[in-house]
Amino acid sequence: MEGPGLVVRGEAVPFSTALRSLINNPWYSDVRFVVGQERQEIFAHRCLLACRCSFFQRLLGSEPASRVESPVVLSTVPAEAFLAVLEFLYTNSVKLYRHSVLEVLTAAVEYGLEELRELCLEFVVKVLDVELVCEALQVAVTFGLGPLQEYCIAFIEAHSQEALRTRGFLELSAPALLLLLRSDMLCVDEAELVRAARSWARVGAVSWAKGAKNAEGGAGYGSLASGWRWAQGWRLQAVLERPLAEVAAPVVRELRLALLAPAELSALEEQNRREPLIPVEQIVDAWKCHALRRGDEARGTPCRRRRGTVARGHHRFLDLPFQ
């Protein structure tokens with residue numbers, strides 16, 4: 001009786017190289033994508049995409065009668081990120097770059113590619129810096145990537161002043177910014193946080209418009225979950241009628257105004273008259289903390305000192321010192 005067979009393996013590198021040569025190659029291609037805002041044409045092979053990824057199996061159709069005809073328009077994913085996804089699907093490996101890894105990560109989440117998602121997460125942690133961290137936090141918040149969210153918050157807590165000066169900070173969503181403002185470990189003084197929140201709200205006087213091409217026709221398949229801008233798939237559109245206070249409303253309650261010195265609070269009150277940002281009652285509550293020489297957390301006036309809070313004389317009267 002013949003024994004069980006033995007699996008023998010050929011060289012992996014030539015096999016991978018041969019498959020890599022098919023990426024975006026019209027040779028034997030049977031599906032064509034039009035990708036990104038530049039509408040770049042990319043060639044692929046249905047059977048390989050379908051057997052490697054259930055998203056593409058559903059998108060392209062499993063039966064000949066149900067097949068979607070070319071071209072398949074994917075306007076919300078940048079071409080570079082889509083090519084990285086194809087590289088992974090064809091070769092089970094991918095070359096990642098700092099400038100585009102978040103787009104690849106977003107595509108991996110959207111397309112249900114868990115292994116690619118984990119590879120991207122590992123790479124993001126390795127290359128994370130001040131310029132990238134707020135964008136990474138936004139992706140983590142949008143897609144519920146808890147470990148990445150925690151890592152980004154810890155990084156910002158350690159590099160708070162630098163992170164607050166980045167464009168990525170100004171483009172955070174309100175839920176992402178709330179996570180930061182609730183932290184006691186930020187290495188920044190409250191006066192700087194108030195200024196940063198005002199700058200954030202000014203930028204927020206424009207609305208995030210995702211998939212702007214949708215209204216122009218031909219958005220196609222694969223729309224991403226709302227909440228984070230693709231480098232090419234999002235546009236900022238002015239909404240001049242939105243008051244600054246309305247934009248700031250979800251986050252300003254987390255500002256700890258009682259930590260400010262009386263002179264700083266007076267200056268804030270004057271600026272608030274010219275450019276309303278903070279509800280008047282919130283400023284009144286901060287003044288009450290000064291007058292009563294105690295904090296009142298129960299009344300919604302947070303007064304815990306942060307790690308970067310500059311010491312002021314009245315802090316010794318607050319009930320809740322920095323822990």
# chains A, B, ... in the order shown; residues from 1 in each chain; ligands from 1

$ residues_around --residues "Ala140 of chain A" --least-positions-apart "4" --cutoff "9 Å" --atoms "only C-alpha atoms" --output "mmCIF file with all heavy atoms, in the first residue's frame"
data_model
loop_
_atom_site.group_PDB
_atom_site.id
_atom_site.type_symbol
_atom_site.label_atom_id
_atom_site.label_comp_id
_atom_site.auth_asym_id
_atom_site.auth_seq_id
_atom_site.Cartn_x
_atom_site.Cartn_y
_atom_site.Cartn_z
ATOM 1 N N GLU A 135 -2.517 62.296 12.143
ATOM 2 C CA GLU A 135 -3.218 61.599 11.067
ATOM 3 C C GLU A 135 -3.429 60.133 11.424
ATOM 4 O O GLU A 135 -4.483 59.554 11.138
ATOM 5 C CB GLU A 135 -2.428 61.728 9.765
ATOM 6 C CG GLU A 135 -2.409 63.139 9.191
ATOM 7 C CD GLU A 135 -1.779 63.165 7.808
ATOM 8 O OE1 GLU A 135 -2.151 62.315 6.973
ATOM 9 O OE2 GLU A 135 -0.922 64.030 7.566
ATOM 10 N N ALA A 136 -2.407 59.535 12.044
ATOM 11 C CA ALA A 136 -2.547 58.136 12.463
ATOM 12 C C ALA A 136 -3.625 57.989 13.529
ATOM 13 O O ALA A 136 -4.403 57.024 13.521
ATOM 14 C CB ALA A 136 -1.207 57.615 12.979
ATOM 15 N N GLY A 144 -11.681 52.314 14.616
ATOM 16 C CA GLY A 144 -11.710 51.552 15.854
ATOM 17 C C GLY A 144 -10.483 50.692 16.076
ATOM 18 O O GLY A 144 -10.592 49.572 16.586
ATOM 19 N N LEU A 145 -9.313 51.209 15.712
ATOM 20 C CA LEU A 145 -8.054 50.483 15.893
ATOM 21 C C LEU A 145 -7.487 50.839 17.262
ATOM 22 O O LEU A 145 -6.623 51.704 17.395
ATOM 23 C CB LEU A 145 -7.077 50.837 14.765
ATOM 24 C CG LEU A 145 -7.609 50.606 13.336
ATOM 25 C CD1 LEU A 145 -6.619 51.103 12.303
ATOM 26 C CD2 LEU A 145 -7.932 49.131 13.110
ATOM 27 N N GLY A 146 -7.989 50.157 18.291
ATOM 28 C CA GLY A 146 -7.686 50.516 19.672
ATOM 29 C C GLY A 146 -6.210 50.598 20.015
ATOM 30 O O GLY A 146 -5.751 51.607 20.572
ATOM 31 N N PRO A 147 -5.397 49.560 19.722
ATOM 32 C CA PRO A 147 -3.971 49.634 20.070
ATOM 33 C C PRO A 147 -3.253 50.809 19.405
ATOM 34 O O PRO A 147 -2.433 51.471 20.047
ATOM 35 C CB PRO A 147 -3.435 48.285 19.581
ATOM 36 C CG PRO A 147 -4.614 47.369 19.633
ATOM 37 C CD PRO A 147 -5.779 48.220 19.242
ATOM 38 N N LEU A 148 -3.555 51.076 18.140
ATOM 39 C CA LEU A 148 -2.930 52.216 17.471
ATOM 40 C C LEU A 148 -3.393 53.520 18.110
ATOM 41 O O LEU A 148 -2.602 54.457 18.285
ATOM 42 C CB LEU A 148 -3.264 52.215 15.982
ATOM 43 C CG LEU A 148 -2.690 53.388 15.180
ATOM 44 C CD1 LEU A 148 -1.165 53.399 15.245
ATOM 45 C CD2 LEU A 148 -3.164 53.334 13.724
ATOM 46 N N GLN A 149 -4.661 53.611 18.463
ATOM 47 C CA GLN A 149 -5.181 54.808 19.122
ATOM 48 C C GLN A 149 -4.431 55.074 20.424
ATOM 49 O O GLN A 149 -4.003 56.209 20.685
ATOM 50 C CB GLN A 149 -6.676 54.626 19.397
ATOM 51 C CG GLN A 149 -7.332 55.775 20.133
ATOM 52 C CD GLN A 149 -8.821 55.516 20.321
ATOM 53 O OE1 GLN A 149 -9.549 55.291 19.346
ATOM 54 N NE2 GLN A 149 -9.282 55.536 21.551
ATOM 55 N N GLU A 150 -4.251 54.042 21.232
ATOM 56 C CA GLU A 150 -3.545 54.211 22.500
ATOM 57 C C GLU A 150 -2.092 54.620 22.275
ATOM 58 O O GLU A 150 -1.559 55.479 23.001
ATOM 59 C CB GLU A 150 -3.611 52.911 23.298
ATOM 60 C CG GLU A 150 -5.023 52.549 23.765
ATOM 61 C CD GLU A 150 -5.074 51.193 24.437
ATOM 62 O OE1 GLU A 150 -3.988 50.587 24.640
ATOM 63 O OE2 GLU A 150 -6.182 50.733 24.766
ATOM 64 N N CYS A 152 -0.834 56.261 19.697
ATOM 65 C CA CYS A 152 -0.786 57.641 19.212
ATOM 66 C C CYS A 152 -1.020 58.636 20.342
ATOM 67 O O CYS A 152 -0.338 59.671 20.418
ATOM 68 C CB CYS A 152 -1.819 57.846 18.108
ATOM 69 S SG CYS A 152 -1.435 57.003 16.559
ATOM 70 N N ALA A 176 -11.748 62.630 17.913
ATOM 71 C CA ALA A 176 -10.316 62.405 18.136
ATOM 72 C C ALA A 176 -9.737 63.479 19.048
ATOM 73 O O ALA A 176 -8.940 63.179 19.949
ATOM 74 C CB ALA A 176 -9.580 62.382 16.801
#

$ closest_atom_pairs --of "segment 70-184 of chain A" --to "segment 26-50 of chain A" --cutoff "7 Å" --atoms "only C-alpha atoms" --output "tab-separated table"
residue	atom	partner	partner_atom	distance
A:Ser70	CA	A:Arg32	CA	5.3
A:Pro71	CA	A:Arg32	CA	4.8
A:Val72	CA	A:Phe33	CA	4.6
A:Val73	CA	A:Val34	CA	4.7
A:Leu74	CA	A:Val35	CA	4.8
A:Ser75	CA	A:Gly36	CA	4.3
A:Thr76	CA	A:Gly36	CA	5.6
A:Val77	CA	A:Gly36	CA	5.2
A:Pro78	CA	A:Gly36	CA	4.5
A:Ala79	CA	A:Gly36	CA	5.4
A:Leu89	CA	A:Leu49	CA	6.8

$ select_by_dssp --residues "segment 77-264 of chain A" --states "strand (DSSP E)" --output "PyMOL selection string"
chain A and resi 206-210+234-238

$ write_last_selection --atoms "N, CA and C atoms" --output "short mmCIF file (atom, residue, chain, number, x, y, z; two decimals), in the first residue's frame"
data_model
loop_
_atom_site.label_atom_id
_atom_site.label_comp_id
_atom_site.auth_asym_id
_atom_site.auth_seq_id
_atom_site.Cartn_x
_atom_site.Cartn_y
_atom_site.Cartn_z
N VAL A 206 -14.52 75.02 7.98
CA VAL A 206 -14.73 74.40 6.67
C VAL A 206 -15.20 72.99 6.93
N SER A 207 -16.02 72.48 6.10
CA SER A 207 -16.57 71.14 6.33
C SER A 207 -15.78 70.11 5.56
N TRP A 208 -15.66 68.93 6.17
CA TRP A 208 -15.03 67.82 5.45
C TRP A 208 -16.05 67.30 4.44
N ALA A 209 -15.61 67.26 3.20
CA ALA A 209 -16.47 66.72 2.16
C ALA A 209 -15.78 65.51 1.56
N LYS A 210 -16.31 64.35 1.81
CA LYS A 210 -15.70 63.12 1.33
C LYS A 210 -16.34 62.70 0.01
N TRP A 234 -10.56 63.42 -0.30
CA TRP A 234 -11.29 64.38 0.51
C TRP A 234 -11.00 65.77 0.00
N ARG A 235 -11.95 66.67 0.19
CA ARG A 235 -11.72 68.07 -0.13
C ARG A 235 -12.31 68.92 0.99
N LEU A 236 -11.69 70.08 1.21
CA LEU A 236 -12.23 71.03 2.18
C LEU A 236 -13.07 72.05 1.42
N GLN A 237 -14.29 72.24 1.89
CA GLN A 237 -15.16 73.22 1.26
C GLN A 237 -15.60 74.23 2.32
N ALA A 238 -15.47 75.50 1.98
CA ALA A 238 -15.80 76.54 2.95
C ALA A 238 -17.29 76.54 3.27
#

$ closest_residue --among "A:Tyr90, A:Arg165, A:Val13, A:Arg58" --to "Asn25 of chain A" --atoms "only C-alpha atoms"
A:Tyr90

$ closest_residue --among "A:Asn24, A:Gln271, A:Gln282, A:Gln161" --to "Gly308 of chain A" --atoms "only C-alpha atoms"
A:Gln161

$ atom_distance --atom1 "atom CA of Val280 of chain A" --atom2 "atom CA of Val203 of chain A"
22.0 Å

$ residues_around --residues "segment 91-100 of chain A" --least-positions-apart "5" --cutoff "7 Å" --atoms "only C-alpha atoms" --output "tab-separated table (two decimals) with N, CA, C and O atoms, in the first residue's frame"
chain	number	residue	atom	x	y	z
A	16	SER	N	7.42	34.27	-6.63
A	16	SER	CA	6.96	35.61	-6.25
A	16	SER	C	7.28	36.63	-7.33
A	16	SER	O	6.48	37.51	-7.63
A	19	LEU	N	4.80	36.36	-10.24
A	19	LEU	CA	3.51	36.96	-9.92
A	19	LEU	C	3.60	38.49	-9.84
A	19	LEU	O	2.68	39.20	-10.25
A	20	ARG	N	4.73	38.98	-9.31
A	20	ARG	CA	4.89	40.43	-9.22
A	20	ARG	C	4.88	41.07	-10.61
A	20	ARG	O	4.43	42.21	-10.77
A	81	ALA	N	-1.90	53.59	-3.12
A	81	ALA	CA	-2.39	52.66	-2.11
A	81	ALA	C	-3.01	51.44	-2.76
A	81	ALA	O	-2.84	50.30	-2.28
A	84	ALA	N	-0.39	49.09	-3.87
A	84	ALA	CA	0.19	48.37	-2.73
A	84	ALA	C	-0.72	47.20	-2.34
A	84	ALA	O	-0.23	46.11	-1.99
A	127	VAL	N	7.54	53.99	12.20
A	127	VAL	CA	7.89	55.26	11.56
A	127	VAL	C	7.17	56.45	12.17
A	127	VAL	O	7.33	57.58	11.70

$ closest_residue --among "A:Met185, A:Val130, A:Val139, A:Val251" --to "Val101 of chain A" --atoms "only C-alpha atoms"
A:Val139

$ select_by_dssp --residues "segment 63-285 of chain A" --states "helix (DSSP H, G or I)" --output "PyMOL selection string"
chain A and resi 64-66+79-91+101-110+114-127+130-143+146-158+160-164+167-170+174-181+190-203+212-214+244-252+257-259+262-274+280-285

$ closest_residue --among "A:Leu178, A:Cys134, A:Ala267, A:Leu318" --to "Arg253 of chain A" --atoms "only C-alpha atoms"
A:Leu178

$ closest_residue --among "A:Val188, A:Leu137, A:Ala201, A:Val85" --to "Leu119 of chain A" --atoms "only C-alpha atoms"
A:Val85

$ residues_around --residues "Glu264 of chain A" --least-positions-apart "4" --cutoff "8 Å" --atoms "only C-alpha atoms" --output "MDAnalysis selection string"
chainID A and resid 191 260 268

$ closest_residue --among "A:Ala197, A:Ser160, A:Gly61, A:Ala263" --to "Arg307 of chain A" --atoms "only C-alpha atoms"
A:Ser160

$ atom_distance --atom1 "atom CA of Gly168 of chain A" --atom2 "atom CA of Asp129 of chain A"
11.6 Å

$ atom_distance --atom1 "atom CA of Ala249 of chain A" --atom2 "atom CA of Val141 of chain A"
19.3 Å
